[in-house]
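To start, the structure under review is shown below, and the notes come after it.
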Amino acid sequence: MGLIDQLVVFNSLSRKKEVFEPQIPGQVGMYVCGPTVYSDVHLGNVRTFISFDIIYRYLQHLGYKVRYVRNLTDVGHLLDDGQDRVSKRARLEQIEPMEIVQKYTNSFHDTLRLFNTLSPNIEPRATGHLIEQIEMVQEILANGFAYERNGSVYFDTVKFHETFKNYGELSGRKIEELFAETREDLKNQDEKNHPSDFAIWMKAADEHIMKWNSPWSVGFPGWHLECSVMSTKYLGETFDIHGGGNDLKFPHHENEIAQNIGAKGKAPVKYWLHTNMLLMNGKKMSKSDGNTISPEELISGNSPHVTKGYDPMVVKFFMLQSHYRSTLDLTDEALQAAEKGYYKLTEGLKALEKLTTDQAGEGQLDQEINGLLDLITDDMNDDFNTPKAISRLFDLTNYINKLKDGHLAANAVGTECLEHMKRAFKAFFLDVFGLSLDSGAGQGDDIVEGLMGLVIAIRQKARENKNWETSDQIRDGLDNIGIQLKDGKEGTVWSKKS
RNA sequence: GGUCGGUUGGCCGAGUGGCUAGGCAGAGGUCUGCAAAACCUCGUACAGCGGUUCGAAUCCGCUACCGACCUCCA
């Protein structure tokens with residue numbers, strides 16, 4: 001009985017929350033800008049991909065059939081000095097560009113797997129779509145929104161804006177001001193008619209490695225073009241959701257829209273979703289200025305920014321405790337708090353699995369518990385409010401612990417409600433949030449379980465004999481190797497310490 | 001400089017006109033052989049200044065500070 005029974009998303013285009021209505025009922029097309037595979041992903045990228053992973057999972061949870069496309073950029077993304085990122089890296093590492101692409105694609109996948117994200121349905125590469133990109137350049141040229149200059153082709157932003165009046169719509173900048181501003185920089189703009197024009201095909205210099213034949217020159221496609229092409233190819237000329245970090249709004253997404261309209265005559269995307277930046281020490285985490293920590297460093301603890309390593313699930317949980325549209329400041333202290341909270345929930349879920357009741361009818365807590373479960377859906381329906389949804393899981397855990405410890409009678413909850421709670425808690429924690437139980441605490445293989453059972457039994461015997469020296473030796477010894485014993489009413493359980 | 005966003009208790013972080021967010025840390029208590037875990041109780045926070053309102057952390061204006069984009073980044 002949620003208050004909100006419809007999914008509402010914040011659309012960057014309108015800057016408002018809108019009811020989500022896919023163009024084909026029951027089906028969702030979602031495109032997310034993936035990484036340029038020329039170096040290891042950093043944590044800010046990971047946050048964005050985790051955010052869209054949650055969105056993907058939640059859409060599926062709601063019953064939508066989702067086609068999730070996330071590209072890999074392997075050509076055309078240039079550095080300030082005009083060098084292709086992949087090519088430059090290939091030169092530095094003295095291997096083929098495509099080896100670079102493969103190496104960092106593998107690394108990207110490995111990293112995301114650590115965080116238990118689902119693979120997209122299609123992961124297209126820019127170099128795999130050269131023909132389509134050339135075709136789109138031709139379309140844009142044919143429609144008069146591009147011009148050729150010395151073998152390169154540039155998108156004509158001035159003409160585009162005169163025609164459609166919406167260049168700058170997404171990023172919220174007034175195009176006249178943008179034009180006026182950049183006019184002073186004309187000296188740097190050599191071939192372009194106007195500074196805000198951008199290349200959709202670039203002629204390659206002789207020494208350039210990654211280049212292809214085209215009607216205009218031996219060259220390579222512009223950075224923004226691939227996303228227009230691949231989203232159109234796999235999701236159609238108009239589709240539902242386009243996502244990415246908000247640092248891509250301008251120029252990348254703005255230009256993407258312009259290209260699609262320039263080629264197809266219509267705006268490609270109904271809902272633009274943008275994630276906010278991950279900060280560290282109050283500043284944007286960024287590859288280019290060194291204020292960064294890699295996923296590996298964060299997990300291993302091998303970084304001056306953290307006092308210890310953190311389990312990937314803890315890092316993910318930390319991220320989910322803020323909203324995807326808010327900045328999130330990564331600090332060691334905040335991670336430690338998240339770690340404790342995360343284990344509280346995993347322990348709660350494990351305790352929940354063991355709860356039983358013989359209350360066949362309705363229990364006195366049923367209404368409150370069912371209400372909390374409904375609120376989780378409301379929260380997620382409200383633009384994927386994971387922090388709020390997680391607060392409900394903590395509330396539920398409080399009930400679970402009371403039931404577990406006997407502070408509440410077992411039959412305070414009815415059979416049906418208990419089953420509902422088990423189903424829903426798992427559905428959100430494991431399936432929607434993609435968290436897992438077994439990474440941090442208390443579950444080993446059969447041998448470990450057997451050994452622990454034996455050790456706990458020996459300690460229990462010592463305690464019965466009031467042999468505190470032995471029982472404390474066992475407890476402290478286990479503590480030293482990172483295992484915590486918890487004595488409860490129903491006996492002793494153990495878990496790995498956080 | 002232009003554009004946009006933010007400033008919430010010791011820390012992180014939701015909320016956006018009247019109803020306890022939540023987590024972590026801290027204090028006291030229950031339980032325990034002692035601890036831990038769990039449970040109970042405890043914080044009267046919303047940058048500053050004005051304004052609108054019966055009522056504002058929440059709306060409006062100004063100021064300060066922070067950040068992002070404008071140029072490669074998710």
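Each chain in the structure tokens gets a letter, A, B, ..., in the order shown, and its residues are numbered from 1; ligands are numbered from 1 in order too.
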Distance table requested - chain A against chain B, cut-off 7 Å, only C-alpha atoms (C1' of nucleotides): one row per qualifying residue with the closest atom pair and its distance in Å to one decimal, ordered by chain and rising residue number, as a Markdown table.
| residue | atom | partner | partner_atom | distance |
| --- | --- | --- | --- | --- |
| A:Gly44 | CA | B:A74 | C1' | 5.9 |
| A:Asn45 | CA | B:A74 | C1' | 4.2 |
| A:Thr48 | CA | B:A74 | C1' | 5.4 |
| A:Leu79 | CA | B:C72 | C1' | 5.6 |
| A:Asp80 | CA | B:C72 | C1' | 6.3 |
| A:Arg173 | CA | B:U3 | C1' | 6.1 |
| A:Gly244 | CA | B:A74 | C1' | 6.3 |
| A:Gly245 | CA | B:A74 | C1' | 4.3 |
| A:Asp247 | CA | B:C69 | C1' | 6.8 |
| A:Ser286 | CA | B:C73 | C1' | 6.6 |
| A:Lys287 | CA | B:C73 | C1' | 6.6 |
| A:Gln321 | CA | B:G13 | C1' | 6.9 |
| A:Ser322 | CA | B:G13 | C1' | 6.2 |
| A:Glu333 | CA | B:C11 | C1' | 6.9 |
| A:Ala334 | CA | B:C12 | C1' | 5.1 |
| A:Ala337 | CA | B:C24 | C1' | 4.2 |
| A:Ala338 | CA | B:G23 | C1' | 6.9 |
| A:Gly341 | CA | B:G23 | C1' | 5.8 |
| A:Pro387 | CA | B:A14 | C1' | 6.4 |
| A:Lys388 | CA | B:A14 | C1' | 6.0 |
| A:Ser391 | CA | B:G22 | C1' | 4.5 |
| A:Asn401 | CA | B:A38 | C1' | 6.6 |
| A:Lys402 | CA | B:C39 | C1' | 6.7 |
| A:Asp405 | CA | B:A38 | C1' | 6.8 |
| A:Lys486 | CA | B:A37 | C1' | 5.3 |
Output N, CA and C atoms of each residue in that selection to a file, as a short mmCIF file (atom, residue, chain, number, x, y, z; two decimals), in the first residue's frame.
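Here's the written file selection_20.cif:
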data_model
loop_
_atom_site.label_atom_id
_atom_site.label_comp_id
_atom_site.auth_asym_id
_atom_site.auth_seq_id
_atom_site.Cartn_x
_atom_site.Cartn_y
_atom_site.Cartn_z
N GLY A 44 35.45 6.87 -8.89
CA GLY A 44 34.34 7.71 -9.32
C GLY A 44 33.55 7.03 -10.44
N ASN A 45 34.27 6.44 -11.39
CA ASN A 45 33.60 5.66 -12.44
C ASN A 45 32.77 4.56 -11.81
N THR A 48 29.42 5.61 -10.48
CA THR A 48 28.42 5.79 -11.53
C THR A 48 27.88 4.45 -12.01
N LEU A 79 43.06 13.64 -25.98
CA LEU A 79 43.61 14.44 -24.89
C LEU A 79 43.70 15.90 -25.33
N ASP A 80 44.06 16.75 -24.38
CA ASP A 80 44.21 18.17 -24.68
C ASP A 80 45.13 18.41 -25.86
N ARG A 173 22.94 25.83 -20.61
CA ARG A 173 23.65 27.08 -20.87
C ARG A 173 23.02 27.81 -22.04
N GLY A 244 24.74 8.69 -17.29
CA GLY A 244 26.18 8.97 -17.27
C GLY A 244 26.50 9.90 -16.11
N GLY A 245 27.77 10.15 -15.91
CA GLY A 245 28.17 11.09 -14.88
C GLY A 245 27.81 12.50 -15.31
N ASP A 247 29.43 15.06 -15.27
CA ASP A 247 30.50 15.78 -15.96
C ASP A 247 30.46 15.52 -17.47
N SER A 286 39.42 12.69 -9.17
CA SER A 286 39.70 12.90 -10.59
C SER A 286 41.01 12.26 -11.00
N LYS A 287 40.95 11.63 -12.14
CA LYS A 287 42.15 11.00 -12.67
C LYS A 287 43.24 12.04 -12.91
N GLN A 321 24.50 4.47 0.58
CA GLN A 321 23.95 5.26 1.69
C GLN A 321 23.84 6.73 1.35
N SER A 322 24.26 7.10 0.15
CA SER A 322 23.94 8.46 -0.31
C SER A 322 23.13 8.33 -1.60
N GLU A 333 36.82 7.75 7.94
CA GLU A 333 35.87 7.68 9.04
C GLU A 333 34.48 7.25 8.55
N ALA A 334 34.07 7.82 7.43
CA ALA A 334 32.76 7.48 6.88
C ALA A 334 32.73 6.03 6.42
N ALA A 337 32.27 3.79 9.40
CA ALA A 337 30.88 3.80 9.85
C ALA A 337 30.03 2.92 8.95
N ALA A 338 30.28 3.01 7.65
CA ALA A 338 29.53 2.19 6.69
C ALA A 338 29.81 0.71 6.91
N GLY A 341 27.83 -0.55 9.82
CA GLY A 341 26.41 -0.61 9.46
C GLY A 341 26.13 -1.76 8.53
N PRO A 387 19.42 5.50 0.05
CA PRO A 387 19.69 5.73 1.47
C PRO A 387 18.44 5.61 2.33
N LYS A 388 17.34 6.07 1.82
CA LYS A 388 16.11 5.96 2.58
C LYS A 388 15.67 4.50 2.67
N SER A 391 17.59 2.75 5.24
CA SER A 391 17.19 3.07 6.62
C SER A 391 16.04 2.16 7.06
N ASN A 401 16.38 -8.37 15.49
CA ASN A 401 17.22 -8.63 16.66
C ASN A 401 16.40 -8.81 17.92
N LYS A 402 15.33 -8.03 18.02
CA LYS A 402 14.48 -8.18 19.20
C LYS A 402 13.82 -9.55 19.20
N ASP A 405 16.52 -12.18 20.08
CA ASP A 405 16.95 -12.20 21.47
C ASP A 405 15.81 -12.42 22.45
N LYS A 486 30.30 -14.43 19.41
CA LYS A 486 29.17 -13.73 20.01
C LYS A 486 28.36 -14.72 20.83
#
- [ ] From the DSSP assignment of the backbone, select every residue of range 260-338 of chain A that is alpha helix (DSSP H), and format the answer as number ranges by chain.
- [x] A: 260-264, 295-300, 312-320, 332-338
Output N, CA, C and O atoms of each residue in that selection to a file, as a short mmCIF file (atom, residue, chain, number, x, y, z; two decimals), in the first residue's frame.
data_model
loop_
_atom_site.label_atom_id
_atom_site.label_comp_id
_atom_site.auth_asym_id
_atom_site.auth_seq_id
_atom_site.Cartn_x
_atom_site.Cartn_y
_atom_site.Cartn_z
N ASN A 260 22.10 13.38 -32.93
CA ASN A 260 20.92 12.57 -33.21
C ASN A 260 19.84 13.39 -33.92
O ASN A 260 19.22 12.91 -34.87
N ILE A 261 19.65 14.59 -33.43
CA ILE A 261 18.65 15.43 -34.07
C ILE A 261 19.12 15.81 -35.48
O ILE A 261 18.34 15.78 -36.44
N GLY A 262 20.40 16.09 -35.57
CA GLY A 262 20.96 16.45 -36.87
C GLY A 262 20.84 15.32 -37.88
O GLY A 262 20.63 15.56 -39.07
N ALA A 263 20.95 14.10 -37.41
CA ALA A 263 20.89 12.96 -38.33
C ALA A 263 19.47 12.45 -38.53
O ALA A 263 19.05 12.12 -39.62
N LYS A 264 18.71 12.35 -37.44
CA LYS A 264 17.41 11.68 -37.48
C LYS A 264 16.23 12.64 -37.36
O LYS A 264 15.08 12.22 -37.51
N PRO A 295 40.13 1.47 -6.92
CA PRO A 295 39.39 0.42 -6.23
C PRO A 295 40.32 -0.56 -5.52
O PRO A 295 40.08 -0.94 -4.38
N GLU A 296 41.39 -0.93 -6.21
CA GLU A 296 42.32 -1.90 -5.62
C GLU A 296 42.96 -1.35 -4.34
O GLU A 296 43.12 -2.05 -3.35
N GLU A 297 43.35 -0.07 -4.40
CA GLU A 297 43.97 0.54 -3.22
C GLU A 297 43.00 0.61 -2.06
O GLU A 297 43.36 0.41 -0.90
N LEU A 298 41.76 0.89 -2.37
CA LEU A 298 40.76 1.01 -1.32
C LEU A 298 40.48 -0.36 -0.70
O LEU A 298 40.31 -0.48 0.51
N ILE A 299 40.47 -1.38 -1.52
CA ILE A 299 40.20 -2.72 -1.02
C ILE A 299 41.38 -3.26 -0.22
O ILE A 299 41.22 -3.89 0.82
N SER A 300 42.58 -2.97 -0.71
CA SER A 300 43.77 -3.49 -0.02
C SER A 300 44.19 -2.60 1.15
O SER A 300 44.90 -3.04 2.04
N PRO A 312 34.81 -4.81 -0.86
CA PRO A 312 34.06 -4.13 -1.93
C PRO A 312 32.58 -3.95 -1.60
O PRO A 312 31.99 -2.94 -1.98
N MET A 313 32.02 -4.90 -0.87
CA MET A 313 30.61 -4.76 -0.50
C MET A 313 30.41 -3.60 0.46
O MET A 313 29.38 -2.93 0.44
N VAL A 314 31.40 -3.36 1.29
CA VAL A 314 31.33 -2.23 2.22
C VAL A 314 31.40 -0.93 1.43
O VAL A 314 30.65 0.02 1.69
N VAL A 315 32.29 -0.90 0.46
CA VAL A 315 32.43 0.30 -0.37
C VAL A 315 31.13 0.56 -1.11
O VAL A 315 30.63 1.69 -1.18
N LYS A 316 30.55 -0.49 -1.64
CA LYS A 316 29.30 -0.35 -2.36
C LYS A 316 28.19 0.13 -1.43
O LYS A 316 27.43 1.05 -1.76
N PHE A 317 28.13 -0.46 -0.26
CA PHE A 317 27.12 -0.06 0.72
C PHE A 317 27.30 1.41 1.11
O PHE A 317 26.32 2.16 1.20
N PHE A 318 28.54 1.79 1.29
CA PHE A 318 28.85 3.20 1.58
C PHE A 318 28.27 4.11 0.50
O PHE A 318 27.65 5.13 0.78
N MET A 319 28.44 3.70 -0.74
CA MET A 319 27.92 4.52 -1.84
C MET A 319 26.39 4.55 -1.85
O MET A 319 25.78 5.57 -2.12
N LEU A 320 25.78 3.42 -1.53
CA LEU A 320 24.32 3.36 -1.56
C LEU A 320 23.69 4.13 -0.41
O LEU A 320 22.49 4.40 -0.43
N ASP A 332 37.90 8.12 5.41
CA ASP A 332 38.15 6.88 6.14
C ASP A 332 37.12 6.68 7.25
O ASP A 332 36.59 5.59 7.44
N GLU A 333 36.82 7.75 7.94
CA GLU A 333 35.87 7.68 9.04
C GLU A 333 34.48 7.25 8.55
O GLU A 333 33.81 6.42 9.16
N ALA A 334 34.07 7.82 7.43
CA ALA A 334 32.76 7.48 6.88
C ALA A 334 32.73 6.03 6.42
O ALA A 334 31.71 5.33 6.56
N LEU A 335 33.83 5.55 5.88
CA LEU A 335 33.89 4.16 5.45
C LEU A 335 33.81 3.21 6.65
O LEU A 335 33.15 2.17 6.59
N GLN A 336 34.45 3.59 7.72
CA GLN A 336 34.38 2.74 8.91
C GLN A 336 32.95 2.66 9.44
O GLN A 336 32.50 1.61 9.89
N ALA A 337 32.27 3.79 9.40
CA ALA A 337 30.88 3.80 9.85
C ALA A 337 30.03 2.92 8.95
O ALA A 337 29.18 2.16 9.42
N ALA A 338 30.28 3.01 7.65
CA ALA A 338 29.53 2.19 6.69
C ALA A 338 29.81 0.71 6.91
O ALA A 338 28.91 -0.13 6.82
#
TODO: Could you tell me how far CA of Met280 in chain A lies from CA of Leu328 in chain A, in Å and to one decimal?
DONE: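 CA of Leu328 in chain A lies 8.1 Å from CA of Met280 in chain A.
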Could you pull the residues within 12 Å of Lys103 in chain A, counting only C-alpha atoms (C1' of nucleotides), minus those fewer than 2 positions along the same chain, as a compact mmCIF listing (two decimals) with N, CA and C atoms, in the first residue's frame?
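Written file, selection30.txt:
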# COMPACT_ATOMS: atom_id res chain seq x y z
N VAL A 37 38.64 2.93 -22.44
CA VAL A 37 39.50 1.87 -21.89
C VAL A 37 40.98 2.12 -22.24
N TYR A 38 41.53 3.11 -21.57
CA TYR A 38 42.95 3.40 -21.78
C TYR A 38 43.71 3.39 -20.47
N SER A 39 42.99 3.16 -19.35
CA SER A 39 43.65 3.02 -18.06
C SER A 39 42.65 2.37 -17.11
N ASP A 40 43.13 2.03 -15.92
CA ASP A 40 42.23 1.40 -14.96
C ASP A 40 41.13 2.36 -14.54
N VAL A 41 39.95 1.85 -14.31
CA VAL A 41 38.86 2.70 -13.83
C VAL A 41 39.19 3.20 -12.45
N ASP A 74 36.91 3.07 -27.39
CA ASP A 74 38.28 2.63 -27.67
C ASP A 74 38.94 3.41 -28.79
N VAL A 86 43.97 6.18 -26.27
CA VAL A 86 44.39 4.79 -26.40
C VAL A 86 45.75 4.71 -27.08
N ARG A 89 48.61 5.70 -24.82
CA ARG A 89 48.90 4.67 -23.84
C ARG A 89 49.64 3.49 -24.49
N ALA A 90 49.24 3.19 -25.71
CA ALA A 90 49.89 2.10 -26.43
C ALA A 90 51.36 2.42 -26.66
N GLU A 93 53.18 2.05 -23.30
CA GLU A 93 53.36 0.66 -22.86
C GLU A 93 54.00 -0.19 -23.96
N ILE A 95 52.84 -1.41 -26.77
CA ILE A 95 52.05 -2.50 -27.32
C ILE A 95 51.01 -1.94 -28.27
N GLU A 96 50.32 -2.81 -28.95
CA GLU A 96 49.31 -2.41 -29.91
C GLU A 96 48.15 -1.69 -29.22
N PRO A 97 47.55 -0.71 -29.87
CA PRO A 97 46.37 -0.07 -29.29
C PRO A 97 45.30 -1.07 -28.86
N MET A 98 45.08 -2.08 -29.69
CA MET A 98 44.03 -3.02 -29.32
C MET A 98 44.41 -3.90 -28.14
N GLU A 99 45.71 -4.02 -27.88
CA GLU A 99 46.12 -4.70 -26.66
C GLU A 99 45.78 -3.85 -25.44
N ILE A 100 45.98 -2.55 -25.61
CA ILE A 100 45.59 -1.63 -24.54
C ILE A 100 44.09 -1.76 -24.26
N VAL A 101 43.33 -1.74 -25.33
CA VAL A 101 41.88 -1.81 -25.19
C VAL A 101 41.48 -3.11 -24.48
N THR A 105 39.93 -3.28 -20.80
CA THR A 105 38.56 -3.81 -20.78
C THR A 105 38.47 -4.94 -19.77
N ASN A 106 39.45 -5.83 -19.80
CA ASN A 106 39.47 -6.93 -18.83
C ASN A 106 39.51 -6.40 -17.40
N SER A 107 40.38 -5.42 -17.20
CA SER A 107 40.54 -4.87 -15.87
C SER A 107 39.24 -4.20 -15.39
N PHE A 108 38.59 -3.51 -16.33
CA PHE A 108 37.32 -2.87 -16.02
C PHE A 108 36.28 -3.91 -15.58
N HIS A 109 36.19 -4.97 -16.34
CA HIS A 109 35.23 -6.02 -16.00
C HIS A 109 35.57 -6.68 -14.66
N ASP A 110 36.85 -6.92 -14.45
CA ASP A 110 37.25 -7.54 -13.18
C ASP A 110 36.85 -6.65 -12.00
- [ ] Determine which residues of range 161-385 of chain A DSSP labels as strand (DSSP E or B) from the backbone of this structure, then write them out as a VMD selection string.
- [x] chain A and resid 198 to 203 212 219 to 221 239 to 245 269 to 275 278 to 280 283 to 284 328 to 330 382
Store the residues of this selection in a file with N, CA, C and O atoms, as a tab-separated table (two decimals), in the first residue's frame.
chain	number	residue	atom	x	y	z
A	198	PHE	N	32.15	21.02	-33.39
A	198	PHE	CA	33.00	19.92	-32.92
A	198	PHE	C	33.14	18.88	-34.02
A	198	PHE	O	32.28	18.75	-34.90
A	199	ALA	N	34.24	18.16	-33.96
A	199	ALA	CA	34.55	17.19	-35.01
A	199	ALA	C	33.69	15.95	-34.89
A	199	ALA	O	33.51	15.41	-33.80
A	200	ILE	N	33.13	15.53	-36.00
A	200	ILE	CA	32.48	14.22	-36.01
A	200	ILE	C	33.30	13.22	-36.82
A	200	ILE	O	33.16	12.01	-36.67
A	201	TRP	N	34.18	13.73	-37.66
A	201	TRP	CA	35.20	12.88	-38.30
A	201	TRP	C	36.49	13.67	-38.36
A	201	TRP	O	36.48	14.86	-38.71
A	202	MET	N	37.58	13.04	-38.00
A	202	MET	CA	38.85	13.76	-38.00
A	202	MET	C	39.86	13.08	-38.91
A	202	MET	O	40.09	11.87	-38.82
A	203	LYS	N	40.46	13.88	-39.77
A	203	LYS	CA	41.55	13.36	-40.59
A	203	LYS	C	42.74	13.06	-39.69
A	203	LYS	O	43.08	13.84	-38.80
A	212	TRP	N	41.04	4.88	-40.19
A	212	TRP	CA	40.23	4.09	-41.10
A	212	TRP	C	39.89	4.91	-42.34
A	212	TRP	O	39.87	6.15	-42.28
A	219	GLY	N	41.01	8.54	-41.41
A	219	GLY	CA	40.91	9.25	-40.14
A	219	GLY	C	40.19	8.43	-39.09
A	219	GLY	O	40.23	7.20	-39.11
A	220	PHE	N	39.52	9.13	-38.20
A	220	PHE	CA	38.84	8.45	-37.10
A	220	PHE	C	37.63	9.27	-36.65
A	220	PHE	O	37.59	10.48	-36.90
A	221	PRO	N	36.68	8.63	-36.01
A	221	PRO	CA	35.44	9.33	-35.64
A	221	PRO	C	35.62	10.22	-34.42
A	221	PRO	O	36.49	9.98	-33.60
A	239	PHE	N	14.73	6.39	-27.34
A	239	PHE	CA	14.71	5.37	-26.28
A	239	PHE	C	14.49	6.03	-24.93
A	239	PHE	O	14.41	7.26	-24.83
A	240	ASP	N	14.42	5.21	-23.88
A	240	ASP	CA	13.89	5.70	-22.61
A	240	ASP	C	14.90	6.43	-21.73
A	240	ASP	O	14.69	7.56	-21.34
A	241	ILE	N	15.98	5.74	-21.40
A	241	ILE	CA	16.90	6.29	-20.39
A	241	ILE	C	18.30	6.39	-20.97
A	241	ILE	O	18.80	5.46	-21.59
A	242	HIS	N	18.90	7.55	-20.75
A	242	HIS	CA	20.31	7.68	-21.04
A	242	HIS	C	21.00	8.15	-19.78
A	242	HIS	O	20.58	9.13	-19.17
A	243	GLY	N	22.05	7.46	-19.37
A	243	GLY	CA	22.73	7.80	-18.13
A	243	GLY	C	24.19	8.10	-18.32
A	243	GLY	O	24.78	7.78	-19.36
A	244	GLY	N	24.74	8.69	-17.29
A	244	GLY	CA	26.18	8.97	-17.27
A	244	GLY	C	26.50	9.90	-16.11
A	244	GLY	O	25.60	10.36	-15.41
A	245	GLY	N	27.77	10.15	-15.91
A	245	GLY	CA	28.17	11.09	-14.88
A	245	GLY	C	27.81	12.50	-15.31
A	245	GLY	O	27.75	12.79	-16.50
A	269	VAL	N	16.35	10.84	-26.50
A	269	VAL	CA	16.21	10.31	-25.14
A	269	VAL	C	15.05	10.96	-24.40
A	269	VAL	O	14.88	12.17	-24.43
A	270	LYS	N	14.26	10.14	-23.75
A	270	LYS	CA	13.14	10.66	-22.97
A	270	LYS	C	13.60	11.10	-21.57
A	270	LYS	O	13.24	12.17	-21.11
A	271	TYR	N	14.38	10.26	-20.91
A	271	TYR	CA	14.83	10.59	-19.55
A	271	TYR	C	16.35	10.57	-19.48
A	271	TYR	O	16.97	9.52	-19.69
A	272	TRP	N	16.93	11.72	-19.19
A	272	TRP	CA	18.38	11.80	-18.97
A	272	TRP	C	18.63	11.70	-17.47
A	272	TRP	O	18.10	12.51	-16.69
A	273	LEU	N	19.45	10.73	-17.08
A	273	LEU	CA	19.78	10.56	-15.66
A	273	LEU	C	21.28	10.78	-15.47
A	273	LEU	O	22.09	10.18	-16.18
A	274	HIS	N	21.62	11.65	-14.54
A	274	HIS	CA	23.03	11.93	-14.30
A	274	HIS	C	23.41	11.71	-12.84
A	274	HIS	O	22.72	12.17	-11.94
A	275	THR	N	24.51	11.02	-12.66
A	275	THR	CA	25.00	10.77	-11.30
A	275	THR	C	25.94	11.90	-10.91
A	275	THR	O	26.56	12.54	-11.75
A	278	LEU	N	31.87	11.68	-7.03
A	278	LEU	CA	32.46	11.17	-5.79
A	278	LEU	C	33.60	12.10	-5.41
A	278	LEU	O	34.48	12.38	-6.23
A	279	LEU	N	33.54	12.59	-4.20
A	279	LEU	CA	34.60	13.47	-3.73
A	279	LEU	C	35.52	12.70	-2.79
A	279	LEU	O	35.13	11.70	-2.21
A	280	MET	N	36.72	13.19	-2.67
A	280	MET	CA	37.59	12.69	-1.62
A	280	MET	C	38.21	13.90	-0.96
A	280	MET	O	38.78	14.75	-1.65
A	283	LYS	N	36.99	17.20	-2.41
A	283	LYS	CA	37.24	17.59	-3.80
A	283	LYS	C	36.92	16.45	-4.74
A	283	LYS	O	37.02	15.28	-4.38
A	284	LYS	N	36.55	16.83	-5.93
A	284	LYS	CA	36.21	15.84	-6.93
A	284	LYS	C	37.34	14.84	-7.10
A	284	LYS	O	38.50	15.21	-7.23
A	328	LEU	N	29.18	12.70	-2.92
A	328	LEU	CA	29.50	11.84	-1.78
A	328	LEU	C	30.98	12.03	-1.46
A	328	LEU	O	31.83	11.93	-2.33
A	329	ASP	N	31.24	12.34	-0.20
A	329	ASP	CA	32.62	12.60	0.20
A	329	ASP	C	33.20	11.35	0.85
A	329	ASP	O	32.72	10.90	1.88
A	330	LEU	N	34.21	10.82	0.22
A	330	LEU	CA	34.84	9.61	0.73
A	330	LEU	C	35.86	9.97	1.80
A	330	LEU	O	36.80	10.71	1.54
A	382	ASP	N	10.83	6.61	-5.58
A	382	ASP	CA	11.10	8.03	-5.56
A	382	ASP	C	12.53	8.29	-6.04
A	382	ASP	O	13.43	8.58	-5.25
Open item on the list: Give me the residues near Thr357 in chain A as an MDAnalysis selection string, where near means some atom within 8 Å (using only C-alpha atoms (C1' of nucleotides)) and where sequence neighbours in that chain fewer than 4 positions away do not count.
Closed with: chainID A and resid 410:411 413:415 418
